Structure formats: structure tokens, C-alpha cells
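Enquirer: query-v9.csv (CSV, C-alpha atoms and all ligand atoms) pasted underneath:
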```csv
chain,number,residue,atom,x,y,z
C,1,MET,CA,0.0,0.0,0.0
C,2,SER,CA,1.3,3.5,-0.9
C,3,PHE,CA,2.0,6.0,1.9
C,4,GLU,CA,-0.8,8.1,0.5
C,5,ASN,CA,-3.3,5.5,1.1
C,6,LYS,CA,-2.1,4.9,4.6
C,7,LEU,CA,-2.3,8.7,5.3
C,8,LEU,CA,-5.8,8.8,3.9
C,9,GLU,CA,-6.8,6.0,6.2
C,10,ILE,CA,-5.3,7.8,9.1
C,11,GLU,CA,-7.1,11.0,8.1
C,12,THR,CA,-10.4,9.2,7.9
C,13,LEU,CA,-10.0,8.2,11.5
C,14,ASP,CA,-8.9,11.7,12.5
C,15,ILE,CA,-12.0,13.1,10.9
C,16,LYS,CA,-14.1,10.6,12.8
C,17,ILE,CA,-12.4,11.5,16.1
C,18,ALA,CA,-12.9,15.2,15.4
C,19,GLN,CA,-16.6,14.6,14.7
C,20,LEU,CA,-16.9,12.6,17.9
C,21,GLU,CA,-15.1,15.4,19.9
C,22,ASN,CA,-17.5,18.0,18.3
C,23,SER,CA,-20.5,15.8,19.2
C,24,LYS,CA,-19.3,15.8,22.8
C,25,LEU,CA,-20.0,19.5,22.9
C,26,GLU,CA,-23.0,19.5,20.5
C,27,TYR,CA,-25.0,16.6,21.8
C,28,PRO,CA,-25.5,17.9,25.4
C,29,LEU,CA,-26.6,21.2,23.9
C,30,LYS,CA,-29.1,19.5,21.6
C,31,LEU,CA,-30.3,17.4,24.5
C,32,ALA,CA,-30.8,20.4,26.7
C,33,GLU,CA,-32.7,22.2,23.9
C,34,LEU,CA,-35.1,19.2,23.5
C,35,LYS,CA,-35.6,19.0,27.2
C,36,GLU,CA,-36.1,22.8,27.4
C,37,VAL,CA,-39.0,22.6,24.9
C,38,ILE,CA,-40.7,20.0,27.1
C,39,GLY,CA,-40.0,22.1,30.2
C,40,GLN,CA,-41.6,25.1,28.6
C,41,LYS,CA,-44.8,23.1,27.8
C,42,GLU,CA,-44.8,21.7,31.3
C,43,LYS,CA,-44.5,25.1,32.8
C,44,SER,CA,-47.6,26.4,30.9
C,45,ARG,CA,-49.4,23.2,31.8
C,46,ASP,CA,-48.6,23.7,35.5
C,47,LEU,CA,-49.9,27.3,35.2
C,48,THR,CA,-53.3,26.1,33.8
C,49,LYS,CA,-53.3,23.4,36.5
C,50,SER,CA,-52.8,25.9,39.3
C,51,ASN,CA,-55.5,28.2,37.9
C,52,LEU,CA,-57.9,25.2,37.8
C,53,GLU,CA,-57.0,24.1,41.4
C,54,LYS,CA,-57.5,27.7,42.7
C,55,LEU,CA,-60.9,27.8,41.2
C,56,GLU,CA,-61.8,24.4,42.6
C,57,LYS,CA,-60.6,25.6,46.0
C,58,ASP,CA,-62.7,28.8,45.7
C,59,ILE,CA,-65.8,26.7,44.9
C,60,SER,CA,-65.3,24.3,47.8
C,61,SER,CA,-64.7,27.1,50.3
C,62,ALA,CA,-67.8,28.9,48.9
C,63,ASN,CA,-69.7,25.7,49.5
C,64,ILE,CA,-68.5,25.6,53.1
C,65,ASP,CA,-69.7,29.2,53.5
C,66,LEU,CA,-73.1,28.3,52.0
C,67,GLU,CA,-73.5,25.5,54.5
C,68,THR,CA,-72.6,27.9,57.4
C,69,HIS,CA,-75.2,30.4,56.1
C,70,ASN,CA,-77.9,27.7,55.7
C,71,ASN,CA,-77.2,26.6,59.3
C,72,GLU,CA,-77.5,30.1,60.5
C,73,LEU,CA,-80.8,30.5,58.6
C,74,ALA,CA,-82.1,27.3,60.1
C,75,ARG,CA,-81.3,28.5,63.6
C,76,SER,CA,-83.1,31.8,62.9
C,77,HIS,CA,-86.2,29.8,61.8
C,78,GLU,CA,-86.0,27.7,65.0
C,79,ARG,CA,-85.7,30.9,67.0
C,80,LEU,CA,-89.0,32.1,65.4
C,81,THR,CA,-90.8,29.3,67.3
C,82,SER,CA,-89.8,30.6,70.7
C,83,VAL,CA,-90.3,34.4,70.4
C,84,LYS,CA,-92.0,35.9,73.3
C,85,ASN,CA,-93.4,39.1,71.7
C,86,ASN,CA,-94.0,41.0,68.5
C,87,LYS,CA,-90.8,43.0,68.9
C,88,GLU,CA,-88.7,39.8,69.1
C,89,PHE,CA,-90.7,38.3,66.2
C,90,ASP,CA,-89.9,41.4,64.0
C,91,ALA,CA,-86.3,41.2,64.9
C,92,VAL,CA,-86.0,37.5,64.0
C,93,GLN,CA,-87.9,38.0,60.8
C,94,LYS,CA,-85.4,40.8,59.8
C,95,GLU,CA,-82.6,38.4,60.7
C,96,ILE,CA,-84.1,35.7,58.5
C,97,ARG,CA,-84.4,38.1,55.5
C,98,THR,CA,-80.8,39.2,55.9
C,99,ARG,CA,-79.7,35.5,56.1
C,100,LYS,CA,-81.8,34.6,53.1
C,101,THR,CA,-80.1,37.3,51.1
C,102,VAL,CA,-76.7,36.1,52.2
C,103,VAL,CA,-77.6,32.5,51.2
C,104,ALA,CA,-78.9,33.7,47.8
C,105,GLU,CA,-75.7,35.8,47.2
C,106,THR,CA,-73.5,32.9,48.1
C,107,LYS,CA,-75.4,30.6,45.7
C,108,GLN,CA,-75.0,33.2,43.0
C,109,SER,CA,-71.3,33.5,43.5
C,110,ILE,CA,-70.9,29.7,43.5
C,111,ALA,CA,-72.8,29.5,40.2
C,112,LYS,CA,-70.5,32.2,38.8
C,113,LEU,CA,-67.4,30.3,39.9
C,114,LYS,CA,-68.8,27.1,38.4
C,115,GLU,CA,-69.3,28.8,35.1
C,116,LYS,CA,-65.6,29.3,34.7
C,117,LEU,CA,-64.9,25.6,35.4
C,118,PRO,CA,-65.4,24.1,31.9
C,119,GLN,CA,-63.0,26.6,30.3
C,120,LEU,CA,-60.2,26.0,32.8
C,121,GLN,CA,-60.7,22.3,32.6
C,122,GLU,CA,-60.5,22.5,28.8
C,123,GLU,CA,-57.3,24.7,29.0
C,124,PHE,CA,-55.6,22.2,31.4
C,125,LYS,CA,-56.6,19.3,29.2
C,126,ALA,CA,-55.2,21.0,26.1
C,127,ALA,CA,-52.0,22.0,27.9
C,128,GLN,CA,-51.5,18.4,29.1
C,129,GLU,CA,-52.0,17.1,25.6
C,130,GLU,CA,-49.3,19.5,24.3
C,131,VAL,CA,-47.0,18.2,27.0
C,132,ASP,CA,-47.7,14.6,26.0
C,133,GLY,CA,-47.3,15.5,22.3
C,134,VAL,CA,-43.9,17.1,22.7
C,135,ILE,CA,-42.7,14.3,25.0
C,136,ALA,CA,-43.7,11.7,22.4
C,137,GLN,CA,-42.1,13.8,19.6
C,138,ASN,CA,-38.8,14.5,21.4
C,139,SER,CA,-38.3,11.3,23.4
C,140,PRO,CA,-36.8,9.1,20.6
C,141,GLN,CA,-34.2,11.8,19.9
C,142,ILE,CA,-33.5,12.3,23.7
C,143,GLU,CA,-33.0,8.6,24.1
C,144,GLU,CA,-30.7,8.4,21.1
C,145,LEU,CA,-28.6,11.4,22.2
C,146,THR,CA,-28.4,10.1,25.8
C,147,SER,CA,-27.1,6.8,24.6
C,148,LYS,CA,-24.7,8.4,22.1
C,149,ILE,CA,-23.3,10.7,24.9
C,150,ALA,CA,-22.8,7.7,27.1
C,151,SER,CA,-20.8,5.8,24.5
C,152,ILE,CA,-18.9,8.8,23.0
C,153,ASP,CA,-15.7,8.4,25.0
C,154,ASP,CA,-15.6,4.7,24.2
C,155,ASP,CA,-16.0,5.5,20.5
C,156,ILE,CA,-13.2,8.0,20.7
C,157,ALA,CA,-10.9,5.6,22.5
C,158,ALA,CA,-11.7,2.8,20.0
C,159,THR,CA,-11.1,5.1,17.0
C,160,THR,CA,-7.9,6.4,18.5
C,161,SER,CA,-6.5,3.0,19.1
C,162,GLU,CA,-7.4,2.0,15.5
C,163,LYS,CA,-5.4,5.1,14.4
C,164,ASN,CA,-2.5,4.3,16.7
C,165,ALA,CA,-2.3,0.8,15.1
C,166,LEU,CA,-1.9,2.4,11.7
C,167,CYS,CA,0.7,5.1,12.6
C,168,PRO,CA,3.8,2.8,12.8
C,169,LYS,CA,3.2,1.8,9.2
C,170,VAL,CA,3.9,5.3,8.0
C,171,ASP,CA,7.3,6.9,7.7
C,172,GLU,CA,8.1,8.8,10.9
C,173,ASP,CA,9.0,12.1,9.1
C,174,LEU,CA,5.7,12.0,7.1
C,175,LEU,CA,3.8,11.4,10.3
C,176,LYS,CA,5.5,14.4,11.9
C,177,MET,CA,4.4,16.6,9.0
C,178,TYR,CA,1.0,15.2,9.2
C,179,ASP,CA,0.7,15.7,13.0
C,180,ALA,CA,2.0,19.3,12.7
C,181,VAL,CA,-0.9,20.2,10.4
C,182,LEU,CA,-3.4,18.1,12.4
C,183,LEU,CA,-2.5,20.1,15.6
C,184,GLY,CA,-4.2,23.2,14.1
C,185,ARG,CA,-7.1,21.4,12.7
C,186,LYS,CA,-8.4,19.3,15.6
C,187,ARG,CA,-12.0,20.5,15.0
C,188,SER,CA,-12.2,19.0,11.5
C,189,GLY,CA,-9.4,16.4,11.5
C,190,LYS,CA,-8.8,17.3,7.8
C,191,VAL,CA,-5.1,17.4,7.0
C,192,LEU,CA,-4.8,16.3,3.4
C,193,ALA,CA,-5.8,17.9,0.1
C,194,HIS,CA,-6.8,15.3,-2.4
C,195,ILE,CA,-5.3,15.8,-5.9
C,196,SER,CA,-5.7,14.2,-9.3
C,197,ALA,CA,-3.9,14.9,-12.6
C,198,ASP,CA,-6.5,17.5,-13.6
C,199,SER,CA,-6.9,19.2,-10.2
C,200,LYS,CA,-6.7,22.9,-10.5
C,201,LYS,CA,-7.3,23.8,-6.8
C,202,CYS,CA,-6.4,22.8,-3.3
C,203,SER,CA,-9.3,20.7,-2.1
C,204,TYR,CA,-9.0,22.2,1.3
C,205,CYS,CA,-8.7,26.0,0.8
C,206,GLY,CA,-9.4,26.4,-2.9
C,207,GLN,CA,-6.1,28.0,-3.8
C,208,VAL,CA,-5.2,27.5,-7.4
C,209,ILE,CA,-2.4,25.1,-8.0
C,210,SER,CA,0.2,26.2,-10.4
C,211,PRO,CA,1.2,23.7,-13.2
C,212,ASN,CA,4.7,23.7,-11.6
C,213,LEU,CA,3.5,22.8,-8.2
C,214,LEU,CA,1.3,20.1,-9.7
C,215,LYS,CA,4.3,18.7,-11.5
C,216,LYS,CA,6.2,18.8,-8.2
C,217,ILE,CA,3.4,16.9,-6.4
C,218,PHE,CA,3.4,14.2,-9.0
C,219,SER,CA,7.2,13.8,-9.2
C,220,SER,CA,8.2,14.3,-5.6
C,221,ALA,CA,8.7,11.3,-3.3
C,222,VAL,CA,8.0,13.5,-0.3
C,223,LEU,CA,4.8,15.3,0.7
C,224,VAL,CA,4.2,18.7,-0.8
C,225,ALA,CA,2.2,21.2,1.2
C,226,CYS,CA,-0.3,23.8,-0.1
C,227,GLU,CA,1.5,27.2,-0.1
C,228,ASN,CA,-1.7,28.8,1.2
C,229,CYS,CA,-3.2,26.6,3.9
C,230,GLY,CA,-0.5,24.0,4.6
C,231,SER,CA,-2.6,21.0,3.7
C,232,LEU,CA,-0.5,18.1,2.5
C,233,PHE,CA,-1.2,17.1,-1.0
C,234,VAL,CA,-1.9,13.4,-1.6
C,235,LEU,CA,-2.8,11.8,-4.9
C,236,THR,CA,-6.2,10.1,-5.2
C,237,GLU,CA,-6.0,6.5,-6.2
C,238,ASN,CA,-6.5,7.3,-9.9
C,239,ALA,CA,-3.7,9.8,-9.8
C,240,GLN,CA,-1.4,7.3,-8.0
C,241,ASN,CA,-1.9,4.9,-10.9
C,242,GLN,CA,-1.0,7.7,-13.3
C,243,LYS,CA,2.1,8.5,-11.3
C,244,THR,CA,3.4,4.9,-11.5
C,245,SER,CA,2.4,4.2,-15.1
I,1,ZN,ZN,-4.7,24.8,0.5
```
Just give me the structure as C-alpha cells.
Expert:
Amino acid sequence: MSFENKLLEIETLDIKIAQLENSKLEYPLKLAELKEVIGQKEKSRDLTKSNLEKLEKDISSANIDLETHNNELARSHERLTSVKNNKEFDAVQKEIRTRKTVVAETKQSIAKLKEKLPQLQEEFKAAQEEVDGVIAQNSPQIEELTSKIASIDDDIAATTSEKNALCPKVDEDLLKMYDAVLLGRKRSGKVLAHISADSKKCSYCGQVISPNLLKKIFSSAVLVACENCGSLFVLTENAQNQKTS
């Protein structure tokens, strides 16, 4: 196997390592985003829930008030049976009228509160459905990202040891040149510019390759670097055949 092919294999692994390293930063961000969407929906669901609970509480405490007022009214009616004179009778009658008004008012306000109930129940139900929907929608991706995050370090270690097994097969000086470029390109892992006989540009930076440089790439036994970006030119397999034929 030519040294170009070995370097290309090593580069493929370095690109994979770079992608994994990038994922180590990106995946947790994506995961947080997906969870945030669910969190927002849960927050508005909780708001509708607490509105509903407050209304239900108001209704139940108004019902307790109603019971109290009804008891008071019943006591007034009882008292009516034991009045001793007209003056007392009039006073108790007045008390009964007042208590009847209070009972009627309380019933009215309970009815008003109950009118609001269906809308709040509907709002809560809709909000809960939105939560369920977004959970169903995001869960597969959340699970996938979680398991990827859990295995990412192992994936990097496996790819790195695959690379380490290849390195001794490449000339030490070539590897030094390669590593020097890689040092500045950890985020992409791309070190090589792929060249064929009719290449006009560096495949990494797009710099035009002069015919002289192209000739040098094809004739030289050592690696030639792009004058602009420093990428190391390697011949694609077709070009390697052209070189040897
Ligand atoms: Zn270049």
C-alpha cells in the first residue's frame, strides 16, 4: 500500500475523532434544547393546573360558606318558634331576611365560579395534551442522544487505538508533517488535500495550484504542502496509478 493510502486511512480516522469530539459539545446542547422545549410546555401546563386548582378551591370554600349560612338561617327559623313578643318576632324576621339574602348571594357566586370551570378544565386538558405530544415527539431523539453521549468516550478511544495501530506503518517524518498540520485542525481532522492529474485547486482551501506545483506533487517522493493553507497534497488512487504508469 502506498504511503498516500495509509495517510488517507489515518485522516479518515482523525476526521471521525474530530466529529466525535465535536459531538461531545453539541449533543449535550441539543439534548438540553429538546428538554427545554418539554420544560416550557410543562410550565404552561402547570400554570393552567394551578388556575384550575385555585378555582376548585374557591368553589369548595364557597360551598362551606353556604353550609354555614344555611345553618344560621335554620337557627333563625328555629328561634322564630320561641319568640315571646312582637318585637322579638320582627327582629328574628329581619334576621331571616338578611340571612336569606346572604344565602342567595353565596349561591350566585358559586354559580358564577362554576361557570368558569369548563373553560379552565379545557385549558388544562389542552396543555396536558401539548406536553404529551412534545414528549412523544422528542423522546426518541432524547434517548438516542443520551445513549450516544454515554458511549462517545468509548467510541473516541476505539477510533484512537485504531489510528495508533496504523501510525507505525507510516514513515516517521511523514507522520511528523501530518501531525503538525493536524495540531491546528483538531476541529475538522482534515489534513490532506486530495489531488488528481486535472486538479486545479487545493481541495482544502481552494487555492489555485500552479502547473509547476502540480508537477512537483506528481514527481516528488516526499509530501508537498499547499502554499496557502499548509494542507498536505496526496494523490487520489487514480492519480497514484497515473504516477506509477
Ligand atoms: Zn490549501
Enquirer: Hey, which residues come within 10 Å of ligand ZN 1 (chain I) if we count all atoms listed in the file? Could you give them as a PyMOL selection string?
Expert: chain C and resi 191-193+201-209+225-233
Enquirer: Per residue of range 20-114 of chain C within 8 Å of range 136-152 of chain C, note the shortest atom pair and the distance in Å to one decimal, counting all atoms listed in the file, and order the rows by chain and increasing residue number, as a Markdown table.
Expert:
```
| residue | atom | partner | partner_atom | distance |
| --- | --- | --- | --- | --- |
| C:Leu20 | CA | C:Ile152 | CA | 6.7 |
| C:Lys24 | CA | C:Ile149 | CA | 6.8 |
| C:Tyr27 | CA | C:Leu145 | CA | 6.3 |
| C:Pro28 | CA | C:Ile149 | CA | 7.5 |
| C:Leu31 | CA | C:Ile142 | CA | 6.1 |
| C:Leu34 | CA | C:Asn138 | CA | 6.3 |
| C:Lys35 | CA | C:Ile142 | CA | 7.8 |
```
Enquirer: If we count only C-alpha atoms, what is near range 160-175 of chain C at a cut-off of 12 Å, once residues fewer than 6 positions away on the same chain are taken out, given as a short mmCIF file (atom, residue, chain, number, x, y, z; two decimals) with C-alpha atoms, keeping the file's coordinate frame?
Expert:
```cif
data_model
loop_
_atom_site.label_atom_id
_atom_site.label_comp_id
_atom_site.auth_asym_id
_atom_site.auth_seq_id
_atom_site.Cartn_x
_atom_site.Cartn_y
_atom_site.Cartn_z
CA MET C 1 0.00 0.00 0.00
CA SER C 2 1.30 3.50 -0.90
CA PHE C 3 2.00 6.00 1.90
CA GLU C 4 -0.80 8.10 0.50
CA ASN C 5 -3.30 5.50 1.10
CA LYS C 6 -2.10 4.90 4.60
CA LEU C 7 -2.30 8.70 5.30
CA LEU C 8 -5.80 8.80 3.90
CA GLU C 9 -6.80 6.00 6.20
CA ILE C 10 -5.30 7.80 9.10
CA GLU C 11 -7.10 11.00 8.10
CA THR C 12 -10.40 9.20 7.90
CA LEU C 13 -10.00 8.20 11.50
CA ASP C 14 -8.90 11.70 12.50
CA ILE C 15 -12.00 13.10 10.90
CA LYS C 16 -14.10 10.60 12.80
CA ILE C 17 -12.40 11.50 16.10
CA ALA C 18 -12.90 15.20 15.40
CA LEU C 20 -16.90 12.60 17.90
CA GLU C 21 -15.10 15.40 19.90
CA ASP C 153 -15.70 8.40 25.00
CA ASP C 154 -15.60 4.70 24.20
CA VAL C 181 -0.90 20.20 10.40
CA LEU C 182 -3.40 18.10 12.40
CA LEU C 183 -2.50 20.10 15.60
CA VAL C 191 -5.10 17.40 7.00
CA LEU C 192 -4.80 16.30 3.40
CA ALA C 221 8.70 11.30 -3.30
CA VAL C 222 8.00 13.50 -0.30
CA LEU C 223 4.80 15.30 0.70
CA VAL C 224 4.20 18.70 -0.80
CA ALA C 225 2.20 21.20 1.20
CA LEU C 232 -0.50 18.10 2.50
CA PHE C 233 -1.20 17.10 -1.00
CA VAL C 234 -1.90 13.40 -1.60
#
```
Enquirer: Env of Arg45 in chain C: 12 Å cut, atoms = all atoms listed in the file, seq-sep filter 4 positions within chain, self excluded. Answer as a list of chain:residue names.
Expert: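 Once the adjacent positions are removed, what remains is C:Ile38, C:Gly39, C:Gln40, C:Lys41, C:Lys49, C:Ser50, C:Asn51, C:Leu52, C:Leu120, C:Gln121, C:Glu122, C:Glu123, C:Phe124, C:Lys125, C:Ala126, C:Ala127, C:Gln128, C:Glu129, C:Glu130, C:Val131, C:Asp132.
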Enquirer: One decimal, Å: what's the distance from CA of Lys100 in chain C over to CA of Ile64 in chain C, could you say?
Expert: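 One can read the CA of Lys100 in chain C to CA of Ile64 in chain C distance as 16.1 Å.
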Enquirer: Rounded to one decimal in Å, what is the spacing between CA of His69 in chain C and CA of Val83 in chain C?
Expert: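 Answer for the CA of His69 in chain C to CA of Val83 in chain C separation: 21.2 Å.
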Enquirer: If you measure from CA of Leu73 in chain C to CA of Glu88 in chain C, what distance in Å do you get, rounded to one decimal?
Expert: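 Interatomic distance here is 16.1 Å.
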Enquirer: Of the residues C:Ser220, C:Asn212, C:Ser196, C:Asn63, which is the one nearest to Ile110 in chain C, using all atoms listed in the file?
Expert: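 Smallest distance to Ile110 in chain C is found for C:Asn63.
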Enquirer: If you count only C-alpha atoms, which residues fall within 12 Å of Ala62 in chain C, apart from same-chain ones fewer than 2 positions away, as a list in words?
Expert: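 Those residues are Leu55, Glu56, Lys57, Asp58, Ile59, Ser60, Ile64, Asp65, Leu66, Glu67, Thr68, His69, Val102, Val103, Glu105, Thr106, Lys107, Gln108, Ser109, Ile110, Ala111, Lys112, Leu113 and Lys114 of chain C.
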Enquirer: Got a minute to add N, CA and C atoms to range 177-203 of chain C and dump it as an mmCIF file, in the frame of the given file?
Expert:
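Writing done, so here's result_12.cif:
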```cif
data_model
loop_
_atom_site.group_PDB
_atom_site.id
_atom_site.type_symbol
_atom_site.label_atom_id
_atom_site.label_comp_id
_atom_site.auth_asym_id
_atom_site.auth_seq_id
_atom_site.Cartn_x
_atom_site.Cartn_y
_atom_site.Cartn_z
ATOM 1 N N MET C 177 5.062 15.561 9.788
ATOM 2 C CA MET C 177 4.400 16.600 9.000
ATOM 3 C C MET C 177 2.934 16.603 9.146
ATOM 4 N N TYR C 178 2.415 15.383 9.074
ATOM 5 C CA TYR C 178 1.000 15.200 9.200
ATOM 6 C C TYR C 178 0.463 15.724 10.549
ATOM 7 N N ASP C 179 1.155 15.303 11.619
ATOM 8 C CA ASP C 179 0.700 15.700 13.000
ATOM 9 C C ASP C 179 0.809 17.205 13.177
ATOM 10 N N ALA C 180 1.825 17.832 12.548
ATOM 11 C CA ALA C 180 2.000 19.300 12.700
ATOM 12 C C ALA C 180 0.763 20.007 12.119
ATOM 13 N N VAL C 181 0.255 19.526 10.980
ATOM 14 C CA VAL C 181 -0.900 20.200 10.400
ATOM 15 C C VAL C 181 -2.178 19.837 11.231
ATOM 16 N N LEU C 182 -2.242 18.580 11.648
ATOM 17 C CA LEU C 182 -3.400 18.100 12.400
ATOM 18 C C LEU C 182 -3.586 18.978 13.708
ATOM 19 N N LEU C 183 -2.465 19.359 14.305
ATOM 20 C CA LEU C 183 -2.500 20.100 15.600
ATOM 21 C C LEU C 183 -3.396 21.348 15.471
ATOM 22 N N GLY C 184 -3.355 22.030 14.305
ATOM 23 C CA GLY C 184 -4.200 23.200 14.100
ATOM 24 C C GLY C 184 -5.568 22.940 13.609
ATOM 25 N N ARG C 185 -5.855 21.670 13.350
ATOM 26 C CA ARG C 185 -7.100 21.400 12.700
ATOM 27 C C ARG C 185 -7.920 20.282 13.499
ATOM 28 N N LYS C 186 -7.791 20.354 14.808
ATOM 29 C CA LYS C 186 -8.400 19.300 15.600
ATOM 30 C C LYS C 186 -9.955 19.310 15.441
ATOM 31 N N ARG C 187 -10.525 20.464 15.091
ATOM 32 C CA ARG C 187 -12.000 20.500 15.000
ATOM 33 C C ARG C 187 -12.525 19.796 13.738
ATOM 34 N N SER C 188 -11.685 19.708 12.683
ATOM 35 C CA SER C 188 -12.200 19.000 11.500
ATOM 36 C C SER C 188 -11.446 17.696 11.244
ATOM 37 N N GLY C 189 -10.204 17.602 11.698
ATOM 38 C CA GLY C 189 -9.400 16.400 11.500
ATOM 39 C C GLY C 189 -8.912 16.306 10.020
ATOM 40 N N LYS C 190 -9.194 17.340 9.227
ATOM 41 C CA LYS C 190 -8.800 17.300 7.800
ATOM 42 C C LYS C 190 -7.383 17.857 7.654
ATOM 43 N N VAL C 191 -6.497 17.034 7.126
ATOM 44 C CA VAL C 191 -5.100 17.400 7.000
ATOM 45 C C VAL C 191 -4.676 17.406 5.530
ATOM 46 N N LEU C 192 -5.305 16.530 4.746
ATOM 47 C CA LEU C 192 -4.800 16.300 3.400
ATOM 48 C C LEU C 192 -5.695 16.978 2.339
ATOM 49 N N ALA C 193 -5.045 17.398 1.262
ATOM 50 C CA ALA C 193 -5.800 17.900 0.100
ATOM 51 C C ALA C 193 -5.659 16.855 -0.987
ATOM 52 N N HIS C 194 -6.805 16.410 -1.465
ATOM 53 C CA HIS C 194 -6.800 15.300 -2.400
ATOM 54 C C HIS C 194 -6.628 15.823 -3.842
ATOM 55 N N ILE C 195 -5.683 15.241 -4.549
ATOM 56 C CA ILE C 195 -5.300 15.800 -5.900
ATOM 57 C C ILE C 195 -5.315 14.688 -6.925
ATOM 58 N N SER C 196 -5.830 15.105 -8.104
ATOM 59 C CA SER C 196 -5.700 14.200 -9.300
ATOM 60 C C SER C 196 -4.986 14.981 -10.378
ATOM 61 N N ALA C 197 -4.717 14.318 -11.501
ATOM 62 C CA ALA C 197 -3.900 14.900 -12.600
ATOM 63 C C ALA C 197 -4.561 16.228 -13.075
ATOM 64 N N ASP C 198 -5.897 16.292 -13.087
ATOM 65 C CA ASP C 198 -6.500 17.500 -13.600
ATOM 66 C C ASP C 198 -7.034 18.447 -12.480
ATOM 67 N N SER C 199 -6.515 18.260 -11.255
ATOM 68 C CA SER C 199 -6.900 19.200 -10.200
ATOM 69 C C SER C 199 -6.324 20.563 -10.473
ATOM 70 N N LYS C 200 -7.180 21.575 -10.242
ATOM 71 C CA LYS C 200 -6.700 22.900 -10.500
ATOM 72 C C LYS C 200 -6.580 23.684 -9.124
ATOM 73 N N LYS C 201 -7.239 23.121 -8.124
ATOM 74 C CA LYS C 201 -7.300 23.800 -6.800
ATOM 75 C C LYS C 201 -6.994 22.913 -5.672
ATOM 76 N N CYS C 202 -6.504 23.516 -4.580
ATOM 77 C CA CYS C 202 -6.400 22.800 -3.300
ATOM 78 C C CYS C 202 -7.756 22.403 -2.837
ATOM 79 N N SER C 203 -7.967 21.134 -2.532
ATOM 80 C CA SER C 203 -9.300 20.700 -2.100
ATOM 81 C C SER C 203 -9.686 21.203 -0.745
#
```
